[in-house]
>>> print(open('data_18.cif').read())   # mmCIF, C-alpha atoms and all ligand atoms
data_data
#
loop_
_atom_site.label_atom_id
_atom_site.label_comp_id
_atom_site.auth_asym_id
_atom_site.auth_seq_id
_atom_site.Cartn_x
_atom_site.Cartn_y
_atom_site.Cartn_z
CA MET A 1280 90.34 135.13 146.81
CA ALA A 1281 92.79 132.30 146.37
CA TRP A 1282 96.10 132.68 144.56
CA VAL A 1283 96.88 129.97 142.05
CA LEU A 1284 100.60 129.61 141.40
CA GLU A 1285 102.43 127.20 139.17
CA GLY A 1286 105.77 125.69 140.24
CA LEU A 1287 108.52 127.31 138.21
CA LYS A 1288 111.37 124.87 138.28
CA GLU A 1289 109.80 121.93 136.49
CA LYS A 1290 108.32 124.26 133.92
CA GLU A 1291 111.58 126.02 133.16
CA ARG A 1292 113.43 122.80 132.60
CA GLN A 1293 110.90 121.67 130.03
CA TYR A 1294 111.68 122.45 126.43
CA GLU A 1295 109.46 121.86 123.42
CA VAL A 1296 110.60 121.44 119.83
CA THR A 1297 109.19 120.59 116.46
CA VAL A 1298 111.62 119.19 113.91
CA PRO A 1299 111.75 119.67 110.11
CA GLY A 1300 109.60 117.41 107.93
CA ASP A 1301 110.91 113.93 107.18
CA LYS A 1302 113.60 114.12 104.51
CA SER A 1303 113.11 110.55 103.26
CA ILE A 1304 109.36 110.99 102.87
CA ALA A 1305 109.71 114.46 101.31
CA HIS A 1306 112.01 113.18 98.51
CA ARG A 1307 109.54 110.43 97.72
CA ALA A 1308 106.49 112.70 97.91
CA ILE A 1309 108.05 115.10 95.36
CA MET A 1310 109.00 112.23 93.06
CA LEU A 1311 105.64 110.45 93.18
CA ALA A 1312 103.76 113.75 92.74
CA SER A 1313 105.93 114.36 89.64
CA LEU A 1314 104.93 110.96 88.23
CA ALA A 1315 101.24 111.26 89.11
CA GLN A 1316 98.23 112.48 87.21
CA GLY A 1317 96.76 115.62 88.79
CA ASN A 1318 98.10 118.32 91.10
CA THR A 1319 99.60 117.60 94.51
CA HIS A 1320 99.81 120.06 97.38
CA ILE A 1321 102.44 118.96 99.91
CA THR A 1322 102.82 120.53 103.36
CA GLY A 1323 105.61 120.08 105.92
CA ILE A 1324 108.46 120.20 103.40
CA PRO A 1325 111.80 120.46 105.28
CA ASP A 1326 114.07 123.35 104.32
CA GLY A 1327 117.29 121.30 104.09
CA ALA A 1328 119.51 121.38 101.01
CA ASP A 1329 118.91 117.71 100.12
CA VAL A 1330 115.18 118.15 99.58
CA PHE A 1331 115.84 121.35 97.67
CA THR A 1332 118.07 119.28 95.39
CA THR A 1333 115.15 116.97 94.60
CA ILE A 1334 112.89 119.96 93.92
CA ASN A 1335 115.48 121.40 91.50
CA VAL A 1336 116.11 118.12 89.73
CA PHE A 1337 112.41 117.57 89.06
CA ARG A 1338 112.03 121.19 87.93
CA GLN A 1339 114.83 120.55 85.43
CA LEU A 1340 112.95 117.45 84.30
CA GLY A 1341 110.08 119.76 83.35
CA ILE A 1342 107.86 119.49 86.43
CA ASP A 1343 106.10 122.66 87.56
CA ILE A 1344 106.87 122.99 91.28
CA LYS A 1345 105.71 126.11 93.12
CA GLN A 1346 106.96 126.68 96.66
CA THR A 1347 105.70 128.91 99.46
CA ASP A 1348 107.45 128.37 102.80
CA ASP A 1349 107.09 124.67 103.63
CA GLU A 1350 104.44 123.98 100.98
CA LEU A 1351 104.78 122.71 97.44
CA TYR A 1352 102.33 122.58 94.53
CA ILE A 1353 103.39 120.01 91.98
CA GLU A 1354 102.06 119.19 88.50
CA GLY A 1355 103.29 118.26 85.06
CA SER A 1356 105.07 115.39 83.40
CA ILE A 1357 108.71 114.40 83.09
CA GLY A 1358 110.67 115.21 79.94
CA GLU A 1359 114.26 115.23 78.72
CA PRO A 1360 116.36 117.99 80.36
CA ASN A 1361 118.86 120.07 78.35
CA ARG A 1362 121.64 119.81 80.94
CA PRO A 1363 123.15 117.38 83.47
CA LEU A 1364 121.13 116.86 86.65
CA ASP A 1365 123.00 117.79 89.82
CA MET A 1366 122.15 115.50 92.74
CA GLY A 1367 124.23 117.61 95.15
CA ASN A 1368 124.96 115.73 98.38
CA SER A 1369 121.82 113.59 98.22
CA GLY A 1370 122.18 109.81 97.79
CA THR A 1371 118.41 109.35 98.00
CA THR A 1372 117.79 111.81 95.15
CA ALA A 1373 120.45 110.18 92.97
CA ARG A 1374 119.48 106.55 93.48
CA LEU A 1375 115.70 106.92 93.36
CA THR A 1376 115.87 109.25 90.33
CA MET A 1377 117.92 106.61 88.49
CA GLY A 1378 115.10 104.13 89.06
CA ILE A 1379 112.57 106.59 87.64
CA LEU A 1380 114.61 107.70 84.63
CA ALA A 1381 115.77 104.21 83.57
CA GLY A 1382 112.26 103.60 82.21
CA THR A 1383 111.53 107.16 81.00
CA GLU A 1384 112.07 108.17 77.37
CA GLY A 1385 115.03 110.51 76.95
CA TYR A 1386 118.71 110.90 77.74
CA PHE A 1387 119.77 111.89 81.23
CA VAL A 1388 123.13 112.64 82.86
CA LEU A 1389 123.33 112.55 86.65
CA THR A 1390 126.15 114.00 88.70
CA GLY A 1391 126.69 115.15 92.29
CA ASP A 1392 129.01 116.92 94.70
CA GLU A 1393 132.45 115.68 95.67
CA SER A 1394 131.09 113.35 98.38
CA LEU A 1395 128.28 111.88 96.27
CA ARG A 1396 130.60 111.27 93.30
CA GLU A 1397 132.56 108.85 95.50
CA ARG A 1398 129.53 106.95 96.86
CA PRO A 1399 128.64 103.52 95.44
CA MET A 1400 126.11 103.45 92.58
CA LYS A 1401 126.71 99.91 91.32
CA ARG A 1402 124.21 98.64 93.87
CA VAL A 1403 121.46 100.42 91.88
CA ILE A 1404 122.93 100.25 88.39
CA ASP A 1405 123.51 96.46 88.42
CA PRO A 1406 119.88 95.46 89.16
CA LEU A 1407 118.55 98.21 86.84
CA ARG A 1408 120.68 96.69 84.07
CA LEU A 1409 119.10 93.31 84.83
CA MET A 1410 115.77 95.03 84.11
CA GLY A 1411 117.17 96.03 80.71
CA ALA A 1412 118.22 99.57 81.60
CA ASP A 1413 120.70 101.33 79.30
CA ILE A 1414 122.77 102.94 82.01
CA ASP A 1415 126.45 103.41 82.60
CA GLY A 1416 128.72 105.53 84.73
CA ARG A 1417 132.25 106.33 85.67
CA ALA A 1418 134.38 103.38 86.84
CA ASN A 1419 132.27 100.87 84.87
CA GLY A 1420 128.97 101.98 86.29
CA ALA A 1421 130.19 102.21 89.87
CA LEU A 1422 130.24 106.00 90.33
CA LEU A 1423 128.64 109.26 89.23
CA PRO A 1424 128.47 110.84 86.71
CA VAL A 1425 126.02 108.36 85.22
CA GLY A 1426 124.35 108.45 81.81
CA ILE A 1427 120.92 106.92 81.23
CA ARG A 1428 119.16 106.33 77.91
CA GLY A 1429 115.62 105.68 79.13
CA ARG A 1430 113.90 102.65 77.61
CA ARG A 1431 111.25 100.03 78.20
CA LEU A 1432 112.21 97.83 81.16
CA ARG A 1433 111.14 94.34 82.18
CA GLY A 1434 110.25 93.17 85.68
CA ILE A 1435 112.78 91.07 87.60
CA GLU A 1436 112.89 89.13 90.83
CA TYR A 1437 115.73 90.49 92.94
CA GLU A 1438 117.24 89.45 96.25
CA MET A 1439 118.80 92.47 97.97
CA PRO A 1440 122.42 91.69 98.94
CA LYS A 1441 122.26 94.30 101.74
CA ALA A 1442 119.54 96.35 103.36
CA SER A 1443 119.07 99.60 101.43
CA ALA A 1444 115.83 101.53 101.14
CA GLN A 1445 117.35 103.57 98.34
CA VAL A 1446 118.07 100.52 96.18
CA LYS A 1447 114.73 98.89 97.02
CA SER A 1448 112.89 102.12 96.18
CA ALA A 1449 114.78 102.60 92.90
CA LEU A 1450 113.75 99.10 91.82
CA LEU A 1451 110.10 99.60 92.81
CA LEU A 1452 110.00 102.91 90.90
CA ALA A 1453 111.61 101.26 87.86
CA GLY A 1454 109.20 98.35 88.27
CA LEU A 1455 106.26 100.75 88.04
CA GLN A 1456 107.18 101.43 84.43
CA ALA A 1457 108.35 97.91 83.52
CA GLU A 1458 106.64 95.11 81.64
CA GLY A 1459 105.45 92.39 84.01
CA THR A 1460 106.01 92.25 87.74
CA THR A 1461 109.07 93.28 89.78
CA ILE A 1462 109.65 91.41 93.03
CA VAL A 1463 112.17 92.56 95.63
CA HIS A 1464 113.20 90.33 98.55
CA GLU A 1465 114.86 91.86 101.60
CA LYS A 1466 116.86 89.89 104.17
CA LEU A 1467 116.65 92.74 106.63
CA LYS A 1468 113.78 95.18 106.33
CA SER A 1469 114.75 98.71 105.34
CA ARG A 1470 112.56 101.82 105.73
CA ASP A 1471 109.29 101.37 103.84
CA HIS A 1472 108.19 104.95 103.05
CA THR A 1473 108.10 104.26 99.31
CA GLU A 1474 105.68 101.37 99.75
CA ARG A 1475 103.42 103.40 102.07
CA LEU A 1476 103.43 106.46 99.83
CA LEU A 1477 102.84 104.49 96.62
CA ALA A 1478 99.65 103.17 98.21
CA SER A 1479 98.52 106.80 98.77
CA PHE A 1480 98.96 107.35 95.02
CA GLY A 1481 96.66 104.41 94.28
CA VAL A 1482 99.44 101.98 93.33
CA LYS A 1483 98.82 98.32 94.15
CA LEU A 1484 101.69 96.55 95.85
CA ASP A 1485 101.79 93.06 97.20
CA VAL A 1486 103.77 93.05 100.43
CA SER A 1487 104.18 89.67 102.04
CA GLY A 1488 106.76 89.16 104.77
CA SER A 1489 110.03 90.48 103.46
CA SER A 1490 109.00 90.52 99.78
CA ILE A 1491 107.35 93.26 97.76
CA ALA A 1492 105.80 92.75 94.33
CA ILE A 1493 104.76 95.59 92.04
CA LYS A 1494 103.02 95.24 88.68
CA GLY A 1495 104.25 97.46 85.86
CA SER A 1496 102.29 100.08 83.89
CA GLN A 1497 100.26 101.29 86.85
CA VAL A 1498 99.01 104.85 86.71
CA LEU A 1499 99.69 107.03 89.77
CA LYS A 1500 96.82 109.26 90.84
CA SER A 1501 97.54 112.24 93.03
CA PRO A 1502 95.88 112.11 96.45
CA GLY A 1503 95.51 115.93 96.07
CA LYS A 1504 97.05 116.77 99.41
CA LEU A 1505 99.97 115.22 101.30
CA GLU A 1506 101.39 116.05 104.71
CA ILE A 1507 104.94 115.24 105.82
CA PRO A 1508 105.46 114.30 109.49
CA GLY A 1509 108.51 115.46 111.51
CA ASP A 1510 111.78 113.67 110.78
CA PHE A 1511 112.65 111.04 113.38
CA SER A 1512 116.33 111.31 112.41
CA SER A 1513 116.29 115.02 113.34
CA ALA A 1514 114.27 114.26 116.49
CA ALA A 1515 117.02 111.81 117.51
CA PHE A 1516 119.36 114.74 118.21
CA TRP A 1517 116.86 116.27 120.66
CA ILE A 1518 116.32 112.87 122.26
CA ALA A 1519 120.08 112.82 122.84
CA VAL A 1520 120.10 116.35 124.27
CA ALA A 1521 117.35 115.45 126.75
CA LEU A 1522 119.00 112.18 127.77
CA THR A 1523 122.45 113.63 128.35
CA VAL A 1524 121.91 117.15 129.75
CA PRO A 1525 121.17 116.84 133.48
CA ARG A 1526 117.68 117.87 134.64
CA SER A 1527 116.28 118.43 131.15
CA THR A 1528 112.98 117.21 129.73
CA ILE A 1529 112.22 117.77 126.07
CA GLU A 1530 108.96 117.25 124.27
CA ILE A 1531 109.30 116.68 120.53
CA LYS A 1532 106.03 117.23 118.67
CA ASN A 1533 104.59 115.51 115.59
CA VAL A 1534 107.37 113.10 114.78
CA GLY A 1535 107.07 110.28 112.24
CA LEU A 1536 107.13 106.97 114.12
CA ASN A 1537 107.32 104.49 111.27
CA PRO A 1538 108.53 101.21 112.88
CA SER A 1539 111.20 100.81 110.18
CA ARG A 1540 112.81 104.06 111.41
CA ILE A 1541 112.71 103.97 115.19
CA GLY A 1542 115.16 101.23 116.17
CA LEU A 1543 116.93 103.88 118.28
CA LEU A 1544 113.98 103.97 120.70
CA THR A 1545 114.26 100.20 121.30
CA ILE A 1546 117.98 100.51 122.04
CA LEU A 1547 117.56 103.57 124.28
CA LYS A 1548 114.81 101.94 126.33
CA ARG A 1549 117.12 98.99 126.86
CA MET A 1550 119.80 101.43 128.03
CA GLY A 1551 117.40 102.77 130.65
CA ALA A 1552 116.12 105.93 128.93
CA LYS A 1553 113.11 107.72 130.35
CA LEU A 1554 111.09 108.21 127.24
CA GLU A 1555 107.41 108.29 126.56
CA ILE A 1556 105.97 107.71 123.10
CA ARG A 1557 102.56 109.27 122.55
CA GLU A 1558 101.40 108.08 119.14
CA HIS A 1559 98.38 110.12 118.15
CA GLY A 1560 97.58 109.47 114.53
CA ASN A 1561 98.46 108.30 111.11
CA ILE A 1562 99.02 110.59 108.12
CA PHE A 1563 99.15 109.05 104.66
CA GLY A 1564 100.05 105.68 106.11
CA GLU A 1565 102.76 107.01 108.46
CA PRO A 1566 102.26 106.81 112.24
CA VAL A 1567 102.90 110.13 114.02
CA GLY A 1568 103.23 111.14 117.67
CA ASP A 1569 105.00 113.18 120.34
CA LEU A 1570 108.05 112.08 122.30
CA LEU A 1571 108.72 113.08 125.88
CA VAL A 1572 112.31 112.44 126.92
CA SER A 1573 114.10 113.18 130.20
CA TYR A 1574 117.66 113.07 131.44
CA SER A 1575 118.46 109.46 132.37
CA LYS A 1576 121.22 107.42 133.91
CA LEU A 1577 122.01 105.08 131.04
CA LYS A 1578 123.89 101.82 130.80
CA GLY A 1579 125.72 100.46 127.76
CA THR A 1580 124.30 97.77 125.50
CA GLU A 1581 125.00 95.64 122.44
CA VAL A 1582 123.29 96.83 119.28
CA GLU A 1583 122.29 93.72 117.37
CA LYS A 1584 122.93 93.49 113.63
CA GLU A 1585 119.26 92.94 112.76
CA ILE A 1586 118.17 96.29 114.18
CA ILE A 1587 120.86 98.32 112.33
CA PRO A 1588 118.77 99.22 109.21
CA SER A 1589 116.13 100.83 111.44
CA LEU A 1590 118.68 103.13 113.11
CA ILE A 1591 121.38 103.44 110.47
CA ASP A 1592 121.27 107.26 110.38
CA GLU A 1593 121.16 107.49 114.18
CA LEU A 1594 124.45 105.67 114.84
CA PRO A 1595 126.56 108.86 115.10
CA ILE A 1596 124.23 110.25 117.77
CA LEU A 1597 123.99 106.86 119.48
CA ALA A 1598 127.79 106.97 119.84
CA VAL A 1599 127.45 110.40 121.49
CA ILE A 1600 124.76 109.12 123.88
CA SER A 1601 126.82 105.99 124.69
CA ALA A 1602 129.69 108.20 125.84
CA GLN A 1603 127.41 109.31 128.72
CA ALA A 1604 126.28 105.76 129.57
CA GLU A 1605 127.90 103.51 132.10
CA GLY A 1606 129.85 100.61 130.60
CA LYS A 1607 130.31 99.40 127.03
CA THR A 1608 128.13 99.99 124.00
CA GLU A 1609 128.97 97.82 121.00
CA VAL A 1610 127.85 98.58 117.46
CA LEU A 1611 128.95 95.91 114.97
CA GLY A 1612 127.60 94.87 111.56
CA ALA A 1613 127.28 98.51 110.52
CA GLU A 1614 129.82 98.54 107.64
CA GLU A 1615 127.32 100.58 105.57
CA LEU A 1616 128.39 103.57 107.67
CA ARG A 1617 131.64 103.57 105.70
CA VAL A 1618 129.80 104.65 102.51
CA LYS A 1619 127.55 107.41 103.86
CA GLU A 1620 128.17 111.13 103.28
CA THR A 1621 131.56 110.43 104.84
CA ASP A 1622 133.12 107.28 106.33
CA ARG A 1623 131.04 107.66 109.49
CA ILE A 1624 132.88 104.95 111.44
CA LYS A 1625 136.17 106.79 110.96
CA SER A 1626 134.60 110.19 111.57
CA ILE A 1627 132.77 109.12 114.77
CA CYS A 1628 135.91 107.50 116.20
CA ASN A 1629 138.33 110.30 115.27
CA ASN A 1630 136.11 113.13 116.43
CA LEU A 1631 134.75 111.60 119.63
CA GLY A 1632 138.26 110.39 120.44
CA LYS A 1633 139.42 114.02 120.22
CA LEU A 1634 136.72 114.99 122.73
CA GLY A 1635 138.12 112.41 125.14
CA VAL A 1636 135.61 109.59 124.55
CA ASP A 1637 136.93 106.06 125.01
CA ILE A 1638 135.99 104.69 121.57
CA VAL A 1639 137.60 101.90 119.57
CA GLU A 1640 137.15 101.62 115.81
CA GLN A 1641 136.09 98.26 114.41
CA LYS A 1642 135.95 97.19 110.76
CA ASP A 1643 132.14 97.30 110.86
CA GLY A 1644 131.38 99.57 113.81
CA PHE A 1645 132.74 100.87 117.08
CA ILE A 1646 132.88 100.16 120.81
CA VAL A 1647 132.33 102.99 123.28
CA THR A 1648 133.09 102.75 126.98
CA GLY A 1649 131.09 105.51 128.56
CA GLY A 1650 131.37 107.55 131.70
CA ARG A 1651 134.56 109.53 131.04
CA GLY A 1652 134.33 113.32 131.20
CA LEU A 1653 134.50 114.99 127.77
CA ILE A 1654 136.90 117.82 127.01
CA GLY A 1655 136.24 120.52 124.42
CA ASN A 1656 138.47 120.40 121.34
CA THR A 1657 138.56 121.23 117.64
CA VAL A 1658 136.75 118.56 115.61
CA SER A 1659 135.50 118.29 112.02
CA ALA A 1660 132.07 117.63 110.51
CA ASP A 1661 133.93 115.84 107.69
CA GLY A 1662 131.42 117.13 105.14
CA ASP A 1663 128.59 115.21 106.82
CA HIS A 1664 125.43 116.85 108.20
CA ARG A 1665 124.73 114.15 110.78
CA MET A 1666 128.30 114.33 112.08
CA ALA A 1667 128.07 118.13 112.48
CA ILE A 1668 124.88 117.89 114.55
CA ALA A 1669 125.97 114.85 116.59
CA LEU A 1670 129.19 116.66 117.53
CA ALA A 1671 127.24 119.77 118.56
CA VAL A 1672 125.20 117.59 120.94
CA ALA A 1673 128.40 115.98 122.28
CA SER A 1674 129.84 119.45 122.97
CA LEU A 1675 127.04 120.17 125.49
CA ASN A 1676 128.66 117.68 127.84
CA ALA A 1677 132.26 118.69 127.17
CA ASN A 1678 134.29 120.89 129.46
CA GLY A 1679 135.25 124.13 127.75
CA ILE A 1680 134.92 125.10 124.12
CA THR A 1681 134.33 122.76 121.18
CA THR A 1682 134.90 124.04 117.64
CA ILE A 1683 133.28 122.03 114.85
CA LYS A 1684 134.94 122.79 111.51
CA GLY A 1685 132.66 122.79 108.48
CA ALA A 1686 129.55 122.62 110.67
CA GLU A 1687 127.50 124.58 108.10
CA ILE A 1688 126.99 121.23 106.30
CA ALA A 1689 124.21 120.70 108.90
CA SER A 1690 122.03 122.64 106.45
CA VAL A 1691 121.74 119.49 104.32
CA SER A 1692 119.03 118.25 106.70
CA TYR A 1693 118.56 120.72 109.57
CA PRO A 1694 119.57 124.34 108.85
CA ASP A 1695 118.02 125.68 112.09
CA PHE A 1696 119.55 123.20 114.50
CA LYS A 1697 122.30 125.46 115.87
CA LEU A 1698 119.85 128.32 116.44
CA LYS A 1699 117.51 126.03 118.35
CA LEU A 1700 120.34 124.51 120.35
CA ASP A 1701 121.54 127.99 121.34
CA ASP A 1702 118.02 128.76 122.50
CA PHE A 1703 117.90 125.53 124.52
CA ALA A 1704 121.27 126.38 126.11
CA LYS A 1705 120.05 129.91 126.94
CA VAL A 1706 116.92 128.59 128.62
CA ASN A 1707 119.03 126.12 130.61
CA ARG A 1708 121.58 128.71 131.69
CA ASN A 1709 118.78 130.84 133.05
CA ILE A 1710 117.53 128.12 135.38
C1 LIG A 1801 117.49 106.54 102.94
C2 LIG A 1801 118.00 105.27 103.11
C3 LIG A 1801 119.21 104.98 103.87
C4 LIG A 1801 119.60 106.17 104.75
C5 LIG A 1801 119.54 107.46 104.00
C6 LIG A 1801 118.14 107.73 103.52
C7 LIG A 1801 116.26 106.71 102.15
O1 LIG A 1801 120.28 104.74 102.97
O2 LIG A 1801 120.87 105.96 105.30
O3 LIG A 1801 119.94 108.53 104.83
O4 LIG A 1801 115.64 107.80 102.21
O5 LIG A 1801 115.89 105.77 101.43
P1 LIG A 1801 120.51 103.28 102.28
O6 LIG A 1801 119.43 103.03 101.31
O7 LIG A 1801 121.85 103.39 101.61
O8 LIG A 1801 120.51 102.30 103.41
#
>>> encode(input="data_18.cif", output="structure tokens", more="lines below")
Ligand code: S3P
Amino acid sequence: MAWVLEGLKEKERQYEVTVPGDKSIAHRAIMLASLAQGNTHITGIPDGADVFTTINVFRQLGIDIKQTDDELYIEGSIGEPNRPLDMGNSGTTARLTMGILAGTEGYFVLTGDESLRERPMKRVIDPLRLMGADIDGRANGALLPVGIRGRRLRGIEYEMPKASAQVKSALLLAGLQAEGTTIVHEKLKSRDHTERLLASFGVKLDVSGSSIAIKGSQVLKSPGKLEIPGDFSSAAFWIAVALTVPRSTIEIKNVGLNPSRIGLLTILKRMGAKLEIREHGNIFGEPVGDLLVSYSKLKGTEVEKEIIPSLIDELPILAVISAQAEGKTEVLGAEELRVKETDRIKSICNNLGKLGVDIVEQKDGFIVTGGRGLIGNTVSADGDHRMAIALAVASLNANGITTIKGAEIASVSYPDFKLKLDDFAKVNRNI
């Protein structure tokens, strides 16, 4: 009888992960299901705090949302709440909900946590006012808290001054309830989950080039069931682990591969990354697949301005990856990073600098010269989930101990990340 034996080494170095459901899609799925006729059963809901914020807000608006593990059952219709709505740390919840409530009968007060109350809201409030919205906020409508007296809106034609899926989505959602047609023009294309999901709810949109037109007074019909693919922005951290930890190969299963989200893959391929994309389907208009990524010798690159919207949330982790690449990586034209959950340009430069990375802050980005050895140090998540996780990945390549203060903020999008990373490290140490 023959013995059949499998080589151990290759096997042991392989690691497989699934990531939480896509946060951007989950927010939208909950919102559209709340607006739709009929019940919606959603699977693949991520367990991060941001999505829980959206669930709570829509419950307070009178929607019946039942949750078991990563599944939601949603039905009901929106009404006036008897208390202020707390948007927590979530910019997407705040801005998209404003678009919905501007055209809904009732009075609504929106607030948020310390970080969100300092993030710009004028970018949504100004165009909503052009649609006739009765909406105002602190600092002349620039900041939360915001008060909205819902009323009948009218469609507008609006040229987006900067790429923002949150602003575009707010206007499309307001446009749904407006008289006439709302047309949004984008100079640079932002993520298009709202457009794709609206189509699943039977809404007719006219998308031509960089313009989207939506007719008002359309009725949303629940598709019955919705499935959320894995979050590419969470997968990006595992891509970085695989690329920077010598000898590792990681397979990331069932990740959303919407082209408006995966600019990072284009940049990484250009840097010489060994990565295989195995697209295997499409769920509710969103392409999905597995990613196979291996440790690679990378070289620096220039990240062009046009690609920034499709990797905006991946720039902290790209900075971490660039520190392991040979030569310079330049990210410019990314001034939006200054108004995320924290000033991410400042946070990336301060924290990576403390770990010994050669990084120079620019007004609208940063320049990393890679190849230096990293040294463990005490750094800070600065109240930003993506910073906490990006710094944890950076620490894998640092000599000695890294302490990330306030790292529990990671729970905004990926509560299990540290647990998984510990498991990955354990598996690697045993090789
Ligand atoms: C998001 C859009 C982006 C992104 C954010 C999520 C969305 O923000 O950075 O994390 O779900 O629409 P902007 O709309 O401000 O670009």
>>> atom_distance(input="data_18.cif", atom1="CA of Glu1465 (chain A)", atom2="CA of Gly1382 (chain A)")
22.8 Å
>>> closest_residue(input="data_18.cif", among="A:Pro1588, A:Glu1397, A:Leu1351, A:Leu1577", to="Lys1466 (chain A)", atoms="only C-alpha atoms")
A:Pro1588
>>> residues_near_ligand(input="data_18.cif", ligand="ligand LIG 1801 (chain A)", cutoff="6 Å", atoms="only C-alpha atoms and all ligand atoms", output="tab-separated table (two decimals) with C-alpha atoms, in the frame of the given file")
chain	number	residue	atom	x	y	z
A	1303	SER	CA	113.11	110.55	103.26
A	1371	THR	CA	118.41	109.35	98.00
A	1443	SER	CA	119.07	99.60	101.43
A	1444	ALA	CA	115.83	101.53	101.14
A	1445	GLN	CA	117.35	103.57	98.34
A	1446	VAL	CA	118.07	100.52	96.18
A	1591	ILE	CA	121.38	103.44	110.47
A	1592	ASP	CA	121.27	107.26	110.38
>>> residues_near_point(input="data_18.cif", point="(126.1, 107.5, 128.6)", cutoff="9 Å", atoms="only C-alpha atoms", output="VMD selection string")
chain A and resid 1522 to 1523 1550 1575 to 1579 1598 to 1606 1648 to 1650
>>> closest_residue(input="data_18.cif", among="A:Asp1301, A:Arg1549, A:Leu1544, A:Ile1587", to="Leu1570 (chain A)", atoms="all atoms listed in the file")
A:Leu1544
>>> residues_near_point(input="data_18.cif", point="(125.9, 112.3, 112.5)", cutoff="12 Å", atoms="only C-alpha atoms", output="NGL selection string")
:A and (1512-1513 or 1515-1516 or 1519 or 1590-1600 or 1616 or 1619-1628 or 1630-1631 or 1659-1673 or 1686 or 1688-1689 or 1691-1693)
>>> closest_residue(input="data_18.cif", among="A:Asp1392, A:Ala1281, A:Ala1328, A:Gly1378", to="Pro1694 (chain A)", atoms="all atoms listed in the file")
A:Ala1328
>>> closest_residue(input="data_18.cif", among="A:Asp1326, A:Glu1609, A:Asp1637, A:Asp1485", to="Glu1350 (chain A)", atoms="all atoms listed in the file")
A:Asp1326
>>> atom_distance(input="data_18.cif", atom1="CA of Ile1427 (chain A)", atom2="CA of Gly1370 (chain A)")
16.9 Å
>>> atom_distance(input="data_18.cif", atom1="CA of Ser1487 (chain A)", atom2="CA of His1464 (chain A)")
9.7 Å
>>> residues_around(input="data_18.cif", residues="Asp1365 (chain A)", least_positions_apart="5", cutoff="8 Å", atoms="only C-alpha atoms", output="PDB file with C-alpha atoms, in the coordinates of the input")
ATOM      1  CA  THR A1332     118.070 119.280  95.390  1.00  0.00           C
ATOM      2  CA  VAL A1336     116.110 118.120  89.730  1.00  0.00           C
ATOM      3  CA  LEU A1389     123.330 112.550  86.650  1.00  0.00           C
ATOM      4  CA  THR A1390     126.150 114.000  88.700  1.00  0.00           C
ATOM      5  CA  GLY A1391     126.690 115.150  92.290  1.00  0.00           C
ATOM      6  CA  ASP A1392     129.010 116.920  94.700  1.00  0.00           C
TER       7      ASP A1392
END
>>> closest_residue(input="data_18.cif", among="A:Val1618, A:Ile1344, A:Val1388, A:Leu1611", to="Gly1644 (chain A)", atoms="only C-alpha atoms")
A:Leu1611
>>> closest_residue(input="data_18.cif", among="A:Gly1367, A:Pro1508, A:Pro1406, A:Gly1420", to="Glu1393 (chain A)", atoms="only C-alpha atoms")
A:Gly1367
>>> residues_around(input="data_18.cif", residues="Gly1535 (chain A)", least_positions_apart="5", cutoff="10 Å", atoms="all atoms listed in the file", output="PyMOL selection string")
chain A and resi 1300-1301+1304+1507-1512+1514+1540-1541+1558+1560-1562+1565-1569
>>> write_last_selection(input="data_18.cif", atoms="C-alpha atoms", output="mmCIF file, keeping the file's coordinate frame")
data_model
loop_
_atom_site.group_PDB
_atom_site.id
_atom_site.type_symbol
_atom_site.label_atom_id
_atom_site.label_comp_id
_atom_site.auth_asym_id
_atom_site.auth_seq_id
_atom_site.Cartn_x
_atom_site.Cartn_y
_atom_site.Cartn_z
ATOM 1 C CA GLY A 1300 109.600 117.410 107.930
ATOM 2 C CA ASP A 1301 110.910 113.930 107.180
ATOM 3 C CA ILE A 1304 109.360 110.990 102.870
ATOM 4 C CA ILE A 1507 104.940 115.240 105.820
ATOM 5 C CA PRO A 1508 105.460 114.300 109.490
ATOM 6 C CA GLY A 1509 108.510 115.460 111.510
ATOM 7 C CA ASP A 1510 111.780 113.670 110.780
ATOM 8 C CA PHE A 1511 112.650 111.040 113.380
ATOM 9 C CA SER A 1512 116.330 111.310 112.410
ATOM 10 C CA ALA A 1514 114.270 114.260 116.490
ATOM 11 C CA ARG A 1540 112.810 104.060 111.410
ATOM 12 C CA ILE A 1541 112.710 103.970 115.190
ATOM 13 C CA GLU A 1558 101.400 108.080 119.140
ATOM 14 C CA GLY A 1560 97.580 109.470 114.530
ATOM 15 C CA ASN A 1561 98.460 108.300 111.110
ATOM 16 C CA ILE A 1562 99.020 110.590 108.120
ATOM 17 C CA GLU A 1565 102.760 107.010 108.460
ATOM 18 C CA PRO A 1566 102.260 106.810 112.240
ATOM 19 C CA VAL A 1567 102.900 110.130 114.020
ATOM 20 C CA GLY A 1568 103.230 111.140 117.670
ATOM 21 C CA ASP A 1569 105.000 113.180 120.340
#
